[in-house]
Structures are given as C-alpha cells and as structure tokens.
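To start, the structure under review is shown below, and the notes come after it.
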Amino acid sequence: MLILILYFFIFIVVVQISYYLGVFGKFAFVKAQKIMPKRIPISVIVCAKNEEENVANFIPLLAEQNYPDFEIVLIDDASSDNTLAIFEGFEKQYPNVRLVKVENNEAFWGNKKYALTLGIKAAKKEYLLFTDADCYPTSKDWIIAMSSQFTMQKTIVLGYGKYEKIANSFLNKIIRFETLLTAIQYFSWAKIGHPYMGVGRNLAYKKEEFFNVNGFIEHMQIRSGDDDLFVNQAANARNTTIAYTPESFTLSKPKTTYKDWFTQKRRHVATANYYKPLDKLQLGVFYCSQLLFILLPIILLAFQFQWILVLSLIVLRYLVAWIVVGFSAGKLKENDIKFWFPIVEIVLIFTQINIFITNIFSKPVHWK
C-alpha cells in the first residue's frame, strides 16, 4: 500500500510542477510589458449599491485620470444610503460624468448584472473599462495602461486588482496571496490562449463583445459572475490579452475579518461552478493536487517510508513553485508575499476545503 501511495505522490508532484512550469511559467517568465498609448475613447463604468463612503473617496481619483477622451458612467443600483446624492454631485462637478439611476425591478431584484447592462447601454464610448465602487487606480495613467493593450484583434483586456496592505495582519497576507495566485492562473491561461476568467475590479472590453454574447442573458439568473462568467463565455485566444504594467493596477480595500472574507470567497467559488467544463476540470485538478501534495507525504513520513525521496520531492516542488510565484509576485508588485508562500498556501488550501463543504449545505449571499 505504501509503495502505491509513493507512486501516487510522485504523480501529484509531476502534476504540480507541470502546472507551475508549463502553465504558470507562461506569465512568470514573460517579458516586461510596454505601454503604447492608443488614445481610443473610453467609458469607465462603476456600479455601486450603498457605497457612499467609497464613492466619495474614489470617484474623484477616476476623474483625475490623465487621458484625453473618457467618460465616467456611474450606476446607482437602487441605493438606500447617500450614494445617489453623491453621484448627482459628481455629475454636476465633472462634465464627463454620466449618471444611470437604477430602480428595483421585480424581475431583476437586486441583480447587479441588470444594473450593469443599463450602464453599458448608456455608455457613449465603444471601449469599456470596469472597476468596482470600492476600488481606485494606483496611477493617473490607469486608463492609458489598460487601453494600450487593445488592438484590432484584442478586444478584451484582463487587468490585475490588488488589495491594500495591512501591517501585521496575517489575514491580509492570505487575502493578497489568494488574489496573487488567482491572477497568476488567469493571466497564464490567457497567455496560453485559453482565457477563462477576469475580475470586475479591473476589466476592459469593447462594447461589441458584450452584445455578441447577448450580454449577461445566459447567466442572468446567477447573481454573481458579471466579470468571470462573462469572460468565461466571451473570451478566446483571438480576442483576449492581459495588462500587467504597474500603472494598470487597481487597489481595493480588503476584508478585515476572516468571516467577511470567507463569505466573499464562498460567492467566488460558487460562481466557478458555472464555468465551462474544461475550465472547471483544470481548476479542480490543480486544487486537488495541491491538497494531495500536503496529505500524501504526511502518511509516507509517518511510516518513514522512503523518507529521503519524499523530502526531496517536497523540496523540489516548493522550489519550483516558489520561483514561479516569486517572479510573478515581482511583476505584480507583491514581493513581500512570496516569503510567506508555504504557510499561506497551506492555510488557503484548507480554507478552500471549508468553503467547498460549506457551499454544499448552504447557498452564499450575493449582491443585495
């Protein structure tokens, strides 16, 4: 039995190294990206529901972008706080702000995709750049950096949405590592020619891509997924590219309690259930191999079975993974996280198991 476990463990290590070198290495070792300004007309779209504090702080940062031709489409999704009033003030203050007021609709009650659809239809520019109400660009050249990746063929641009650092917070390191690992995955698969998701915190596409797939209609009944489900449906090797220059990043306020972050991740994991079968398979194989890489050597080492070989395989896998994560972290300006890699990875793996089990017995709460 132990010899079979050893062979299986060797197979798992091969699978992990194949992912890190064969897939994730496509992004980790790619050359630095250049910004070639396009000066194409852009509509920046922000959808908010009860985000009065965030929009008051962050919308002015969007308005100050260094770009010659852009508008900001602010969508108030039937907020019950002062979000609408703040948006109305911005509409008067900035000539390039367009306001879309969404009232609760019985057929689409509390559905962010419905609100976004109205905003996209109201946008006057052909190229759309999305971010969330609790996000802000890291640079005044954010629009330049994101739009520079558009070409005649590349009409979907996947960006990186970072989270703010919180000093002396282990939870913050977990959140930022999970965000980094997710970005490594969707950037790498996009580089290979098989894009499968993006994040609404930083995503751009030409308006025609939205209408080519009839918008969100195929997954309108799923409350989440206005970003990743749309990309999963509309993106392909021909029309999708990535933006990873530091000027293209956005920043978001991270959750500060484990409970809030756990709830957020439950929504993300539940949405992934609606990905295309091949995408679910590649994600499932990766996460299962991660878990088995932790569990199988525990059995082998407990019996001291071929312990030198087992430890050598553990070191090899961690060395390969650390190099790939390290190079990727450097590109995405998350260098401090790579030093916590083995610890936060283990915590994240068992957190994901908890999320999977919890989602089986109860449905996660979505946009209200």
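As shown in the structure tokens, the chain order sets the letters A, B, ...; within each chain, residues go from 1, and ligands are also counted from 1 in the order they appear.
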
Each region 212-281 of chain A residue no farther than 10 Å from region 186-199 of chain A, nearest pair in Å, only C-alpha atoms, as JSON lines:
```
{"residue": "A:Gly225", "atom": "CA", "partner": "A:Val199", "partner_atom": "CA", "distance": 9.1}
{"residue": "A:Asp226", "atom": "CA", "partner": "A:Val199", "partner_atom": "CA", "distance": 8.9}
{"residue": "A:Asp227", "atom": "CA", "partner": "A:Val199", "partner_atom": "CA", "distance": 5.5}
{"residue": "A:Asp228", "atom": "CA", "partner": "A:Met197", "partner_atom": "CA", "distance": 4.3}
{"residue": "A:Leu229", "atom": "CA", "partner": "A:Met197", "partner_atom": "CA", "distance": 6.8}
{"residue": "A:Phe230", "atom": "CA", "partner": "A:Met197", "partner_atom": "CA", "distance": 7.8}
{"residue": "A:Val231", "atom": "CA", "partner": "A:Met197", "partner_atom": "CA", "distance": 5.1}
{"residue": "A:Asn232", "atom": "CA", "partner": "A:Tyr196", "partner_atom": "CA", "distance": 4.6}
{"residue": "A:Gln233", "atom": "CA", "partner": "A:Tyr196", "partner_atom": "CA", "distance": 8.0}
{"residue": "A:Ala234", "atom": "CA", "partner": "A:Tyr196", "partner_atom": "CA", "distance": 9.1}
{"residue": "A:Ala235", "atom": "CA", "partner": "A:Pro195", "partner_atom": "CA", "distance": 6.1}
{"residue": "A:Asn236", "atom": "CA", "partner": "A:Pro195", "partner_atom": "CA", "distance": 6.0}
{"residue": "A:Ala237", "atom": "CA", "partner": "A:Gly193", "partner_atom": "CA", "distance": 4.2}
{"residue": "A:Arg238", "atom": "CA", "partner": "A:Gly193", "partner_atom": "CA", "distance": 7.7}
{"residue": "A:Asn239", "atom": "CA", "partner": "A:Gly193", "partner_atom": "CA", "distance": 9.5}
{"residue": "A:Thr240", "atom": "CA", "partner": "A:Ala190", "partner_atom": "CA", "distance": 7.0}
{"residue": "A:Thr241", "atom": "CA", "partner": "A:Ala190", "partner_atom": "CA", "distance": 6.6}
{"residue": "A:Ile242", "atom": "CA", "partner": "A:Phe187", "partner_atom": "CA", "distance": 6.5}
{"residue": "A:Ala243", "atom": "CA", "partner": "A:Phe187", "partner_atom": "CA", "distance": 8.8}
{"residue": "A:Tyr244", "atom": "CA", "partner": "A:Phe187", "partner_atom": "CA", "distance": 8.9}
{"residue": "A:Ala272", "atom": "CA", "partner": "A:Met197", "partner_atom": "CA", "distance": 9.2}
{"residue": "A:Tyr275", "atom": "CA", "partner": "A:Tyr196", "partner_atom": "CA", "distance": 7.8}
{"residue": "A:Lys276", "atom": "CA", "partner": "A:Tyr196", "partner_atom": "CA", "distance": 8.2}
{"residue": "A:Leu278", "atom": "CA", "partner": "A:Tyr196", "partner_atom": "CA", "distance": 9.5}
{"residue": "A:Asp279", "atom": "CA", "partner": "A:Tyr196", "partner_atom": "CA", "distance": 6.6}
{"residue": "A:Lys280", "atom": "CA", "partner": "A:Tyr196", "partner_atom": "CA", "distance": 9.5}
```

* **Expected answer as a list in words: helix (DSSP H, G or I) residues in region 100-140 of chain A** => Glu106, Ala107, Phe108, Lys112, Lys113, Tyr114, Ala115, Leu116, Thr117, Leu118, Gly119, Ile120, Lys121 and Ala122 of chain A

* Asked: Can you tell me, as JSON, numbers by chain, what residues are no more than 8 Å from region 282-291 of chain A when counting only C-alpha atoms, ignoring any on the same chain fewer than 4 positions away?
  -> {"A": [12, 13, 15, 16, 19, 278, 295, 349, 350]}

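Here the question is which of A:Gln33, A:Gln306, A:Asn359, A:Thr271 gets nearest to Leu6 (chain A) using only C-alpha atoms, and that residue is A:Gln306.
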
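Minimum atom-to-atom distance to Gln304 (chain A), evaluated using only C-alpha atoms, belongs to A:Leu2 out of A:Gly119, A:Asn335, A:Leu2, A:Phe9.
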
* To do: Can you pull out every residue within 10 Å of Asn50 (chain A), counting only C-alpha atoms, but drop anything in the same chain fewer than 2 positions away, and send it as a list in words?
  =>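 Once the nearby chain positions are removed, what remains is Ala48, Glu52, Glu53, Asn54, Val55, Asp76, Asp77, Ala78, Ser79, Ser80, Asp81, Asn82, Thr83, Leu84, Ala133 and Lys368 of chain A.
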
* Rank nothing, just name the residue among A:Ile120, A:Ile72, A:Ile298, A:Val213 nearest to Ile314 (chain A), using only C-alpha atoms. =>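 Closest to Ile314 (chain A), using only C-alpha atoms: A:Ile298.
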
* Asked: Residues at most 9 Å from Ser252 (chain A), counting only C-alpha atoms, excluding those fewer than 5 positions away in the same chain, as a ChimeraX atom specification?
  -> /A:132,134-137,161-164,201

* Name the residues of region 72-222 of chain A that come out as strand (DSSP E) in a backbone DSSP run; write them as a VMD selection string. => chain A and resid 72 to 77 97 to 102 127 to 132 135 to 137 156 to 158 161 to 163 203 to 206

* From the list A:Leu281, A:Val97, A:Ile144, A:Leu74, which residue is nearest Leu118 (chain A) when using only C-alpha atoms? ->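 Nearest to Leu118 (chain A): A:Leu74.
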
* To do: May I ask which of the residues A:Ala85, A:Ala28, A:Leu316, A:Val269 is the closest one to Ala329 (chain A), counting only C-alpha atoms?
  =>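 Result for the nearest residue to Ala329 (chain A): A:Ala28.
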
* To do: Would you kindly return, as number ranges by chain, each protein, DNA or RNA residue with an atom no farther than 9 Å from any atom of Thr138 (chain A), considering only C-alpha atoms and excluding same-chain residues fewer than 5 positions away?
  => A: 246-251

* Asked: If we count only C-alpha atoms, what is near Met1 (chain A) at a cut-off of 12 Å, once residues fewer than 2 positions away on the same chain are taken out, given as a PyMOL selection string?
  -> chain A and resi 3-8+299-300+303+305

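Checking A:Thr351, A:Asn111, A:Ser312, A:Asn273 one by one against Ile10 (chain A), counting only C-alpha atoms, you find the shortest gap at A:Ser312.
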
* Structure fact -> From CA of Lys113 (chain A) to CA of Ile217 (chain A) the spacing works out at 9.0 Å
